[in-house]
file model.tsv (TSV, C-alpha atoms)
chain	number	residue	atom	x	y	z
Q	1	MET	CA	12.72	-11.98	13.07
Q	2	SER	CA	10.38	-11.01	10.24
Q	3	HIS	CA	7.21	-13.00	9.60
Q	4	PHE	CA	8.70	-13.61	6.16
Q	5	HIS	CA	12.18	-15.12	5.98
Q	6	ARG	CA	14.49	-12.23	5.13
Q	7	ARG	CA	18.04	-12.37	3.83
Q	8	THR	CA	20.51	-10.01	5.52
Q	9	VAL	CA	21.40	-7.26	3.05
Q	10	LEU	CA	23.45	-4.11	2.97
Q	11	ALA	CA	21.36	-1.42	4.63
Q	12	GLY	CA	20.53	1.98	3.28
Q	13	ALA	CA	20.25	3.89	0.08
Q	14	THR	CA	23.81	2.96	-0.86
Q	15	ALA	CA	22.66	-0.65	-1.07
Q	16	LEU	CA	20.33	0.27	-3.92
Q	17	ALA	CA	23.22	0.18	-6.34
Q	18	ALA	CA	22.27	0.68	-9.97
Q	19	TRP	CA	23.88	-1.27	-12.76
Q	20	PRO	CA	25.77	0.89	-15.27
Q	21	ALA	CA	23.66	1.91	-18.25
Q	22	GLY	CA	23.25	-1.01	-20.61
Q	23	ALA	CA	24.83	-3.45	-18.14
Q	24	GLN	CA	21.75	-4.88	-16.46
Q	25	PRO	CA	21.82	-8.67	-16.27
Q	26	ALA	CA	20.80	-10.02	-19.68
Q	27	ALA	CA	18.40	-12.58	-18.23
Q	28	TRP	CA	16.19	-9.80	-16.87
Q	29	ARG	CA	15.53	-8.53	-20.40
Q	30	ALA	CA	12.78	-11.14	-20.52
Q	31	VAL	CA	10.84	-8.75	-18.31
Q	32	ALA	CA	10.98	-6.12	-21.05
Q	33	ASP	CA	9.45	-8.52	-23.57
Q	34	ALA	CA	6.63	-9.56	-21.23
Q	35	ALA	CA	5.85	-6.17	-19.68
Q	36	GLY	CA	6.35	-4.14	-22.83
Q	37	ALA	CA	3.72	-6.24	-24.59
Q	38	LEU	CA	1.09	-5.02	-22.09
Q	39	ASP	CA	-0.13	-1.75	-23.59
Q	40	GLN	CA	-1.44	-0.55	-20.23
Q	41	CYS	CA	1.94	-0.99	-18.51
Q	42	HIS	CA	4.01	2.18	-18.23
Q	43	ALA	CA	7.17	1.18	-16.36
Q	44	VAL	CA	8.80	-1.51	-14.22
Q	45	VAL	CA	11.63	-1.26	-11.69
Q	46	ILE	CA	13.04	-4.37	-9.96
Q	47	HIS	CA	15.57	-4.56	-7.12
Q	48	GLN	CA	17.01	-7.74	-5.66
Q	49	HIS	CA	19.24	-7.89	-2.59
Q	50	GLY	CA	19.47	-4.09	-2.73
Q	51	ALA	CA	20.72	-3.89	-6.32
Q	52	GLU	CA	18.81	-2.67	-9.35
Q	53	MET	CA	18.13	-5.61	-11.65
Q	54	PHE	CA	15.79	-4.01	-14.14
Q	55	VAL	CA	14.41	-0.56	-14.92
Q	56	GLU	CA	12.52	0.51	-18.01
Q	57	ALA	CA	9.77	2.92	-18.97
Q	58	PHE	CA	7.87	1.56	-21.95
Q	59	ARG	CA	5.50	4.50	-22.22
Q	60	GLY	CA	4.13	7.26	-20.04
Q	61	PRO	CA	6.13	9.59	-17.75
Q	62	ASP	CA	9.83	9.28	-16.98
Q	63	ILE	CA	10.90	6.93	-14.17
Q	64	GLY	CA	11.59	9.78	-11.77
Q	65	THR	CA	8.27	11.60	-12.25
Q	66	PRO	CA	5.67	11.28	-9.47
Q	67	VAL	CA	2.57	9.57	-10.85
Q	68	PRO	CA	-0.85	8.73	-9.37
Q	69	ILE	CA	-0.52	5.57	-7.27
Q	70	LYS	CA	-4.27	5.39	-6.56
Q	71	SER	CA	-5.00	2.86	-3.79
Q	72	VAL	CA	-1.34	2.15	-3.12
Q	73	SER	CA	-2.05	5.23	-0.99
Q	74	LYS	CA	-3.84	2.88	1.43
Q	75	THR	CA	-0.57	1.08	2.12
Q	76	LEU	CA	1.10	4.40	2.96
Q	77	VAL	CA	-1.74	5.36	5.32
Q	78	ALA	CA	-1.36	1.92	6.91
Q	79	ALA	CA	2.34	2.69	7.38
Q	80	LEU	CA	1.43	5.99	9.06
Q	81	THR	CA	-0.89	4.02	11.34
Q	82	GLY	CA	2.08	1.90	12.34
Q	83	ALA	CA	4.15	5.03	12.93
Q	84	ALA	CA	1.44	6.42	15.25
Q	85	LEU	CA	1.22	3.09	17.07
Q	86	ASP	CA	5.02	2.99	17.47
Q	87	ARG	CA	4.89	6.46	19.05
Q	88	GLY	CA	2.05	5.62	21.43
Q	89	GLU	CA	-0.34	8.06	19.75
Q	90	ILE	CA	-2.60	5.07	19.14
Q	91	PRO	CA	-2.47	2.85	22.23
Q	92	THR	CA	-3.53	-0.38	20.53
Q	93	MET	CA	-5.02	-1.61	17.28
Q	94	GLN	CA	-8.18	-2.42	19.23
Q	95	ALA	CA	-8.68	1.23	20.18
Q	96	THR	CA	-12.04	2.45	18.86
Q	97	ILE	CA	-13.24	5.53	17.02
Q	98	GLY	CA	-15.23	6.43	20.11
Q	99	GLN	CA	-12.10	6.36	22.24
Q	100	LEU	CA	-9.72	8.10	19.82
Q	101	ALA	CA	-11.83	10.62	17.90
Q	102	PRO	CA	-15.45	10.78	19.12
Q	103	ASP	CA	-15.98	14.20	17.52
Q	104	LEU	CA	-15.68	12.59	14.07
Q	105	ILE	CA	-18.83	10.53	14.63
Q	106	PRO	CA	-21.95	12.26	13.24
Q	107	GLN	CA	-25.12	12.39	15.32
Q	108	ASP	CA	-27.06	10.23	12.86
Q	109	ALA	CA	-24.50	7.39	12.89
Q	110	ASP	CA	-25.42	3.94	14.15
Q	111	PRO	CA	-24.36	3.61	17.81
Q	112	GLY	CA	-22.13	0.72	16.77
Q	113	VAL	CA	-19.87	3.09	14.81
Q	114	SER	CA	-18.16	4.18	18.02
Q	115	GLU	CA	-16.98	0.58	18.54
Q	116	ILE	CA	-15.21	0.26	15.17
Q	117	THR	CA	-11.52	-0.33	15.84
Q	118	VAL	CA	-8.35	0.90	14.17
Q	119	GLU	CA	-7.72	-2.67	13.05
Q	120	ASN	CA	-11.20	-2.83	11.49
Q	121	LEU	CA	-10.39	0.30	9.47
Q	122	VAL	CA	-6.87	-0.66	8.32
Q	123	THR	CA	-8.12	-4.09	7.18
Q	124	MET	CA	-11.31	-2.63	5.63
Q	125	GLN	CA	-13.54	-4.67	7.91
Q	126	ALA	CA	-15.50	-1.75	9.39
Q	127	GLY	CA	-18.73	-3.41	8.29
Q	128	LEU	CA	-20.24	-0.19	6.93
Q	129	GLU	CA	-21.64	0.17	3.42
Q	130	ARG	CA	-18.76	0.76	1.02
Q	131	THR	CA	-17.80	4.14	-0.40
Q	132	SER	CA	-15.79	2.58	-3.23
Q	133	GLY	CA	-17.01	1.17	-6.53
Q	134	PRO	CA	-20.41	2.54	-7.61
Q	135	ASN	CA	-20.69	4.57	-4.38
Q	136	TYR	CA	-17.44	6.50	-4.83
Q	137	GLY	CA	-18.76	9.41	-6.88
Q	138	GLU	CA	-21.63	10.13	-4.51
Q	139	TRP	CA	-19.28	9.90	-1.53
Q	140	VAL	CA	-16.71	12.42	-2.82
Q	141	SER	CA	-19.56	14.74	-3.83
Q	142	SER	CA	-20.79	14.91	-0.24
Q	143	VAL	CA	-20.13	17.92	2.02
Q	144	ASN	CA	-18.31	15.85	4.67
Q	145	TRP	CA	-16.56	12.68	3.58
Q	146	VAL	CA	-15.86	11.41	7.10
Q	147	ALA	CA	-19.43	11.97	8.28
Q	148	ASN	CA	-20.83	10.45	5.10
Q	149	ALA	CA	-18.72	7.31	5.47
Q	150	LEU	CA	-19.65	6.90	9.13
Q	151	SER	CA	-23.37	7.57	8.55
Q	152	ARG	CA	-23.74	4.57	6.25
Q	153	PRO	CA	-25.64	1.48	7.41
Q	154	PHE	CA	-23.85	-1.62	8.63
Q	155	GLU	CA	-23.77	-4.45	6.08
Q	156	THR	CA	-22.03	-6.80	8.48
Q	157	LYS	CA	-20.51	-6.74	11.93
Q	158	PRO	CA	-17.11	-5.03	12.27
Q	159	GLY	CA	-14.34	-7.57	11.78
Q	160	ALA	CA	-16.58	-10.10	10.02
Q	161	ARG	CA	-15.30	-9.69	6.46
Q	162	MET	CA	-13.56	-7.36	4.05
Q	163	LEU	CA	-15.67	-4.64	2.42
Q	164	TYR	CA	-13.23	-2.76	0.19
Q	165	SER	CA	-13.84	0.91	0.95
Q	166	THR	CA	-11.68	4.00	0.58
Q	167	GLY	CA	-13.96	5.58	3.19
Q	168	SER	CA	-12.48	3.30	5.85
Q	169	PHE	CA	-8.99	4.61	5.12
Q	170	HIS	CA	-10.21	8.19	4.93
Q	171	VAL	CA	-11.72	7.84	8.40
Q	172	LEU	CA	-8.45	6.27	9.55
Q	173	GLY	CA	-6.51	9.21	8.13
Q	174	ALA	CA	-8.82	11.62	9.97
Q	175	ILE	CA	-8.20	9.72	13.21
Q	176	LEU	CA	-4.45	9.94	12.64
Q	177	SER	CA	-4.76	13.69	12.23
Q	178	GLU	CA	-6.80	13.90	15.43
Q	179	VAL	CA	-4.39	11.90	17.58
Q	180	THR	CA	-1.22	13.51	16.18
Q	181	GLY	CA	-2.46	17.06	15.69
Q	182	ARG	CA	-0.89	17.00	12.22
Q	183	SER	CA	-2.25	16.70	8.70
Q	184	LEU	CA	-1.79	13.46	6.81
Q	185	LEU	CA	0.60	15.27	4.44
Q	186	GLU	CA	2.76	16.47	7.34
Q	187	GLN	CA	2.86	12.98	8.78
Q	188	ALA	CA	3.67	11.41	5.42
Q	189	ARG	CA	6.53	13.79	4.75
Q	190	ASP	CA	7.98	13.67	8.27
Q	191	ARG	CA	7.53	9.98	9.05
Q	192	LEU	CA	8.02	8.44	5.59
Q	193	GLY	CA	9.32	11.00	3.12
Q	194	ASP	CA	12.21	12.40	5.15
Q	195	PRO	CA	13.69	9.11	6.43
Q	196	LEU	CA	13.21	7.40	3.06
Q	197	GLY	CA	14.61	10.34	1.10
Q	198	ILE	CA	11.54	10.60	-1.13
Q	199	SER	CA	9.27	13.43	-2.24
Q	200	ILE	CA	5.57	13.27	-1.35
Q	201	PRO	CA	3.59	16.00	-3.17
Q	202	PRO	CA	0.32	17.36	-1.74
Q	203	TRP	CA	-2.78	15.54	-2.93
Q	204	THR	CA	-6.59	15.77	-2.81
Q	205	THR	CA	-8.30	17.16	0.29
Q	206	ASP	CA	-11.90	16.82	1.41
Q	207	PRO	CA	-14.24	19.80	2.08
Q	208	GLN	CA	-12.90	20.01	5.65
Q	209	GLY	CA	-9.31	20.22	4.38
Q	210	ARG	CA	-8.34	16.68	5.38
Q	211	TYR	CA	-6.04	14.88	2.95
Q	212	LEU	CA	-7.77	11.93	1.34
Q	213	GLY	CA	-6.83	8.75	3.13
Q	214	GLY	CA	-6.38	5.87	0.75
Q	215	ASN	CA	-6.34	7.42	-2.73
Q	216	GLU	CA	-4.87	10.09	-5.03
Q	217	MET	CA	-1.32	10.23	-3.66
Q	218	SER	CA	1.56	10.40	-6.17
Q	219	LEU	CA	5.01	8.85	-5.98
Q	220	SER	CA	7.84	8.22	-8.41
Q	221	LEU	CA	8.91	4.66	-9.14
Q	222	PRO	CA	12.12	5.05	-7.08
Q	223	ALA	CA	9.99	6.31	-4.18
Q	224	MET	CA	7.74	3.27	-4.50
Q	225	ILE	CA	10.83	1.06	-4.39
Q	226	HIS	CA	12.08	2.82	-1.25
Q	227	CYS	CA	8.75	2.18	0.48
Q	228	GLY	CA	8.79	-1.48	-0.46
Q	229	GLU	CA	12.44	-1.94	0.46
Q	230	MET	CA	11.83	-0.40	3.88
Q	231	TYR	CA	9.15	-3.02	4.55
Q	232	ARG	CA	11.38	-5.78	3.15
Q	233	ARG	CA	14.10	-4.75	5.58
Q	234	GLY	CA	11.79	-4.96	8.57
Q	235	GLY	CA	11.13	-1.23	8.86
Q	236	MET	CA	14.73	0.00	8.39
Q	237	TRP	CA	16.14	2.40	5.82
Q	238	ALA	CA	19.88	3.10	5.91
Q	239	GLU	CA	20.61	3.35	9.64
Q	240	THR	CA	17.19	4.77	10.42
Q	241	ARG	CA	14.28	2.85	11.85
Q	242	VAL	CA	11.19	4.09	10.01
Q	243	LEU	CA	8.69	1.55	11.38
Q	244	SER	CA	9.05	-1.02	14.11
Q	245	GLU	CA	9.84	-4.56	13.03
Q	246	ASP	CA	6.77	-5.63	14.99
Q	247	TRP	CA	4.55	-3.45	12.82
Q	248	VAL	CA	6.05	-4.86	9.62
Q	249	ASN	CA	5.59	-8.41	10.89
Q	250	ARG	CA	1.97	-7.75	11.82
Q	251	SER	CA	1.32	-6.05	8.47
Q	252	PHE	CA	2.20	-9.28	6.68
Q	253	VAL	CA	-0.06	-11.50	8.80
Q	254	PRO	CA	-3.35	-12.31	6.99
Q	255	VAL	CA	-6.42	-10.94	8.75
Q	256	THR	CA	-9.07	-11.13	6.03
Q	257	ARG	CA	-9.44	-11.99	2.34
Q	258	SER	CA	-10.42	-10.06	-0.80
Q	259	PRO	CA	-13.71	-11.37	-2.21
Q	260	TRP	CA	-12.52	-10.52	-5.75
Q	261	SER	CA	-8.86	-11.50	-6.11
Q	262	GLY	CA	-8.91	-14.15	-3.39
Q	263	LEU	CA	-5.70	-12.70	-1.98
Q	264	ARG	CA	-5.48	-12.38	1.77
Q	265	TYR	CA	-5.11	-8.97	3.36
Q	266	GLY	CA	-3.11	-7.74	6.33
Q	267	TYR	CA	-2.46	-4.20	7.48
Q	268	GLY	CA	-2.66	-2.38	4.14
Q	269	TRP	CA	-1.06	-5.19	2.09
Q	270	PHE	CA	-2.57	-7.94	-0.06
Q	271	LEU	CA	-0.80	-11.22	0.69
Q	272	GLY	CA	-0.21	-14.25	-1.48
Q	273	GLU	CA	2.16	-17.10	-2.25
Q	274	ALA	CA	3.65	-18.46	-5.48
Q	275	GLN	CA	5.51	-21.78	-5.45
Q	276	GLY	CA	6.33	-21.37	-1.79
Q	277	ASP	CA	7.45	-17.73	-2.03
Q	278	LYS	CA	5.28	-15.43	0.08
Q	279	PHE	CA	4.67	-11.96	-1.34
Q	280	ALA	CA	2.98	-8.73	-0.27
Q	281	LEU	CA	1.26	-6.38	-2.71
Q	282	ALA	CA	0.28	-2.73	-2.50
Q	283	ARG	CA	-2.28	-2.40	-5.26
Q	284	GLY	CA	-3.83	0.66	-6.92
Q	285	TYR	CA	-6.45	1.21	-9.61
Q	286	GLY	CA	-5.20	0.82	-13.14
Q	287	GLY	CA	-2.28	-1.41	-12.22
Q	288	GLN	CA	-0.10	0.54	-9.80
Q	289	LEU	CA	1.86	-2.00	-7.74
Q	290	ILE	CA	4.54	-2.43	-5.13
Q	291	CYS	CA	5.47	-6.07	-4.61
Q	292	VAL	CA	7.75	-7.32	-1.83
Q	293	VAL	CA	9.05	-10.90	-1.77
Q	294	PRO	CA	11.29	-11.03	1.31
Q	295	GLY	CA	12.38	-14.64	0.86
Q	296	LEU	CA	13.92	-13.74	-2.50
Q	297	GLY	CA	15.26	-10.34	-1.42
Q	298	LEU	CA	12.97	-8.84	-4.03
Q	299	THR	CA	11.14	-5.53	-4.33
Q	300	LEU	CA	9.49	-4.34	-7.52
Q	301	ALA	CA	7.27	-1.45	-8.57
Q	302	ILE	CA	5.00	-1.12	-11.58
Q	303	THR	CA	3.13	1.91	-12.87
Q	304	SER	CA	0.37	1.77	-15.43
Q	305	ASP	CA	-2.31	3.84	-17.16
Q	306	SER	CA	-4.34	5.04	-14.17
Q	307	THR	CA	-7.38	5.86	-16.31
Q	308	ARG	CA	-8.08	2.24	-17.23
Q	309	PRO	CA	-9.31	-0.51	-14.89
Q	310	ALA	CA	-7.15	-3.45	-13.82
Q	311	ARG	CA	-9.47	-6.24	-12.77
Q	312	SER	CA	-8.39	-9.58	-11.37
Q	313	ILE	CA	-9.56	-11.37	-14.51
Q	314	GLY	CA	-8.10	-8.66	-16.75
Q	315	TYR	CA	-4.98	-6.50	-16.61
Q	316	PHE	CA	-4.27	-7.16	-12.92
Q	317	GLY	CA	-4.28	-10.85	-13.82
Q	318	ASP	CA	-1.77	-10.06	-16.56
Q	319	LEU	CA	0.47	-8.33	-14.00
Q	320	MET	CA	0.24	-11.29	-11.66
Q	321	ASN	CA	1.23	-13.55	-14.56
Q	322	LEU	CA	4.18	-11.22	-15.22
Q	323	ILE	CA	5.27	-11.43	-11.60
Q	324	GLU	CA	4.67	-15.14	-11.04
Q	325	GLY	CA	5.60	-16.35	-14.52
Q	326	THR	CA	8.57	-14.15	-15.42
Q	327	ILE	CA	9.93	-12.08	-12.53
Q	328	LEU	CA	9.88	-14.62	-9.70
Q	329	PRO	CA	11.53	-17.41	-11.74
Q	330	LEU	CA	14.35	-14.98	-12.60
Q	331	ALA	CA	14.68	-13.94	-8.97
Q	332	ARG	CA	14.87	-17.57	-7.84
Q	333	ARG	CA	18.06	-18.04	-9.88
Q	334	ASP	CA	19.94	-15.83	-7.44
Q	335	THR	CA	18.92	-16.08	-3.78
Q	336	THR	CA	22.46	-15.82	-2.41

call {"tool": "encode", "arguments": {"input": "model.tsv", "output": "structure tokens"}}
result
Amino acid sequence: MSHFHRRTVLAGATALAAWPAGAQPAAWRAVADAAGALDQCHAVVIHQHGAEMFVEAFRGPDIGTPVPIKSVSKTLVAALTGAALDRGEIPTMQATIGQLAPDLIPQDADPGVSEITVENLVTMQAGLERTSGPNYGEWVSSVNWVANALSRPFETKPGARMLYSTGSFHVLGAILSEVTGRSLLEQARDRLGDPLGISIPPWTTDPQGRYLGGNEMSLSLPAMIHCGEMYRRGGMWAETRVLSEDWVNRSFVPVTRSPWSGLRYGYGWFLGEAQGDKFALARGYGGQLICVVPGLGLTLAITSDSTRPARSIGYFGDLMNLIEGTILPLARRDTT
């Protein structure tokens, strides 16, 4: 049984039935008024119980065009971590860098780096100085992104608190490549893209040719919905098991908390609750979102202008108001 209460739904892509053009439920048009008024918002797609409730592009690319999802990429790398764990390529979430990929650790790293666990990385609790925020530019200008991230000083003990850092996910992606013998792109296409029926284009690589873990991936809005729906269904898509139900359950268990938004964080997902409805968020810079509300049978995806910030007290707050103030009340009207 999922950590979240989940309603049994029709499985598979056929369950994502679209309403005929112009025949979407009239009540959901309130979403268009609220979302369309946000000039940073590009498009919104909402599915409930496997059926399309709302889809509209207000501005920006067409619905089916892959767009930058920014740090929603972290949620996909977390999913690939689960896939590796399911296959025994990672023996346990407490396995360390020193055990799994010692050759990634630079000679000048603190000895404690070897004891950082997979769980520390996927929850961004490695304890090392961040590579995100003001440090991001210097990090991606370095000659070895993995070595640079692992050479940074400890700001806290691993597992003590969340230090939001794309470097943690890039190191995790490098470990996944080491233990599988496959690039992150190959893993993403084989273990997510193929079973979900979605396209995953190549994205940024580091100087060593490793695909960036945790940023710069692109997906279409339907592909984002497929990813969210797979998690909502406990790791299943159609008749195919993509991720184990255990991994999905563990992903939605809070491990730490964001110091900025106050949302809790599991394995690649921000976690919150609104009027008793638990939700999980994949969140990317500029306002790229996948939101899963299992108790309401709800999955939604939002794309936005990826060149503008979306802070918790700014546009991201507007999106949370859209979700909690408009979308969830509409979804609560039909939970059958």

call {"tool": "closest_residue", "arguments": {"input": "model.tsv", "among": "Q:Gln40, Q:Ser199, Q:Ser177, Q:Gln94", "to": "Phe316 in chain Q", "atoms": "all atoms listed in the file"}}
result
Q:Gln40

call {"tool": "residues_near_point", "arguments": {"input": "model.tsv", "point": "(3.3, 1.9, -16.5)", "cutoff": "8 Å", "atoms": "all atoms listed in the file", "output": "JSON, numbers by chain"}}
result
{"Q": [40, 41, 42, 43, 44, 57, 58, 59, 60, 287, 288, 302, 303, 304, 305]}

call {"tool": "residues_near_point", "arguments": {"input": "model.tsv", "point": "(10.1, -3.7, -20.9)", "cutoff": "7 Å", "atoms": "all atoms listed in the file", "output": "list of chain:residue names"}}
result
Q:Val31, Q:Ala32, Q:Asp33, Q:Ala34, Q:Ala35, Q:Gly36, Q:Glu56, Q:Ala57, Q:Phe58

call {"tool": "residues_around", "arguments": {"input": "model.tsv", "residues": "Ala78 in chain Q", "least_positions_apart": "5", "cutoff": "8 Å", "atoms": "only C-alpha atoms", "output": "MDAnalysis selection string"}}
result
chainID Q and resid 122 267:268

call {"tool": "atom_distance", "arguments": {"input": "model.tsv", "atom1": "CA of Arg182 in chain Q", "atom2": "CA of Gln208 in chain Q"}}
result
14.0 Å

call {"tool": "closest_residue", "arguments": {"input": "model.tsv", "among": "Q:Met162, Q:Met236, Q:Leu221, Q:Leu104", "to": "Ser258 in chain Q", "atoms": "only C-alpha atoms"}}
result
Q:Met162

call {"tool": "closest_residue", "arguments": {"input": "model.tsv", "among": "Q:Gly98, Q:Gly197, Q:Pro134, Q:Pro222", "to": "Val55 in chain Q", "atoms": "only C-alpha atoms"}}
result
Q:Pro222

call {"tool": "residues_around", "arguments": {"input": "model.tsv", "residues": "Ala149 in chain Q", "least_positions_apart": "5", "cutoff": "12 Å", "atoms": "only C-alpha atoms", "output": "PyMOL selection string"}}
result
chain Q and resi 104-106+108-110+113+121+126-132+135-136+138-144+154+165-172+174

call {"tool": "closest_residue", "arguments": {"input": "model.tsv", "among": "Q:Asp103, Q:Glu89, Q:Glu119, Q:Glu245", "to": "Leu176 in chain Q", "atoms": "all atoms listed in the file"}}
result
Q:Glu89

call {"tool": "residues_around", "arguments": {"input": "model.tsv", "residues": "Pro25 in chain Q", "least_positions_apart": "5", "cutoff": "12 Å", "atoms": "all atoms listed in the file", "output": "ChimeraX atom specification"}}
result
/Q:18-20,30-31,46-48,51-55,330-331,333-334

call {"tool": "write_last_selection", "arguments": {"input": "model.tsv", "atoms": "C-alpha atoms", "output": "PDB file, in the coordinates of the input"}}
result
ATOM      1  CA  ALA Q  18      22.270   0.680  -9.970  1.00  0.00           C
ATOM      2  CA  TRP Q  19      23.880  -1.270 -12.760  1.00  0.00           C
ATOM      3  CA  PRO Q  20      25.770   0.890 -15.270  1.00  0.00           C
ATOM      4  CA  ALA Q  30      12.780 -11.140 -20.520  1.00  0.00           C
ATOM      5  CA  VAL Q  31      10.840  -8.750 -18.310  1.00  0.00           C
ATOM      6  CA  ILE Q  46      13.040  -4.370  -9.960  1.00  0.00           C
ATOM      7  CA  HIS Q  47      15.570  -4.560  -7.120  1.00  0.00           C
ATOM      8  CA  GLN Q  48      17.010  -7.740  -5.660  1.00  0.00           C
ATOM      9  CA  ALA Q  51      20.720  -3.890  -6.320  1.00  0.00           C
ATOM     10  CA  GLU Q  52      18.810  -2.670  -9.350  1.00  0.00           C
ATOM     11  CA  MET Q  53      18.130  -5.610 -11.650  1.00  0.00           C
ATOM     12  CA  PHE Q  54      15.790  -4.010 -14.140  1.00  0.00           C
ATOM     13  CA  VAL Q  55      14.410  -0.560 -14.920  1.00  0.00           C
ATOM     14  CA  LEU Q 330      14.350 -14.980 -12.600  1.00  0.00           C
ATOM     15  CA  ALA Q 331      14.680 -13.940  -8.970  1.00  0.00           C
ATOM     16  CA  ARG Q 333      18.060 -18.040  -9.880  1.00  0.00           C
ATOM     17  CA  ASP Q 334      19.940 -15.830  -7.440  1.00  0.00           C
TER      18      ASP Q 334
END

call {"tool": "closest_residue", "arguments": {"input": "model.tsv", "among": "Q:Leu300, Q:Ala147, Q:Leu163, Q:Ile90", "to": "Asp206 in chain Q", "atoms": "all atoms listed in the file"}}
result
Q:Ala147

call {"tool": "closest_residue", "arguments": {"input": "model.tsv", "among": "Q:Pro259, Q:Pro195, Q:Gly317, Q:Gly159", "to": "Ala238 in chain Q", "atoms": "all atoms listed in the file"}}
result
Q:Pro195

call {"tool": "atom_distance", "arguments": {"input": "model.tsv", "atom1": "CA of Gly284 in chain Q", "atom2": "CA of Lys70 in chain Q"}}
result
4.8 Å

call {"tool": "residues_around", "arguments": {"input": "model.tsv", "residues": "range 80-83 of chain Q", "least_positions_apart": "3", "cutoff": "7 Å", "atoms": "all atoms listed in the file", "output": "ChimeraX atom specification"}}
result
/Q:76-77,86-87,188,243,247

call {"tool": "atom_distance", "arguments": {"input": "model.tsv", "atom1": "CA of Gly50 in chain Q", "atom2": "CA of Ile290 in chain Q"}}
result
15.2 Å

call {"tool": "residues_around", "arguments": {"input": "model.tsv", "residues": "range 274-281 of chain Q", "least_positions_apart": "4", "cutoff": "12 Å", "atoms": "only C-alpha atoms", "output": "ChimeraX atom specification"}}
result
/Q:3-6,71-72,74-75,224,227-229,231-232,248-249,251-254,261,263-270,287-302,316,319-321,323-329,331-332,335

call {"tool": "decode", "arguments": {"input": "model.tsv", "residues": "range 116-127 of chain Q", "atoms": "N, CA, C and O atoms", "output": "compact mmCIF listing (two decimals), in the first residue's frame"}}
result
# COMPACT_ATOMS: atom_id res chain seq x y z
N ILE Q 116 29.99 9.67 2.80
CA ILE Q 116 28.71 10.22 2.37
C ILE Q 116 27.90 9.12 1.70
O ILE Q 116 28.41 8.39 0.85
N THR Q 117 26.63 9.00 2.07
CA THR Q 117 25.81 7.91 1.56
C THR Q 117 24.95 8.34 0.37
O THR Q 117 24.77 9.53 0.10
N VAL Q 118 24.43 7.36 -0.32
CA VAL Q 118 23.48 7.62 -1.41
C VAL Q 118 22.28 8.40 -0.88
O VAL Q 118 21.81 9.36 -1.52
N GLU Q 119 21.79 8.04 0.28
CA GLU Q 119 20.66 8.78 0.86
C GLU Q 119 21.04 10.22 1.15
O GLU Q 119 20.22 11.13 0.93
N ASN Q 120 22.24 10.47 1.63
CA ASN Q 120 22.69 11.84 1.86
C ASN Q 120 22.63 12.65 0.57
O ASN Q 120 22.23 13.82 0.58
N LEU Q 121 23.04 12.04 -0.54
CA LEU Q 121 23.07 12.74 -1.82
C LEU Q 121 21.67 12.99 -2.37
O LEU Q 121 21.35 14.10 -2.81
N VAL Q 122 20.79 11.99 -2.34
CA VAL Q 122 19.46 12.13 -2.94
C VAL Q 122 18.55 13.04 -2.11
O VAL Q 122 17.54 13.54 -2.62
N THR Q 123 18.91 13.27 -0.85
CA THR Q 123 18.15 14.21 0.00
C THR Q 123 18.90 15.53 0.18
O THR Q 123 18.46 16.38 0.94
N MET Q 124 20.01 15.70 -0.53
CA MET Q 124 20.84 16.91 -0.45
C MET Q 124 21.26 17.23 0.97
O MET Q 124 21.19 18.36 1.43
N GLN Q 125 21.70 16.19 1.66
CA GLN Q 125 22.22 16.33 3.01
C GLN Q 125 23.68 15.85 3.09
O GLN Q 125 24.10 15.31 4.11
N ALA Q 126 24.43 16.06 2.00
CA ALA Q 126 25.83 15.62 1.98
C ALA Q 126 26.68 16.37 3.00
O ALA Q 126 27.70 15.86 3.45
N GLY Q 127 26.26 17.59 3.32
CA GLY Q 127 27.00 18.39 4.29
C GLY Q 127 28.07 19.26 3.69
O GLY Q 127 28.63 20.13 4.38
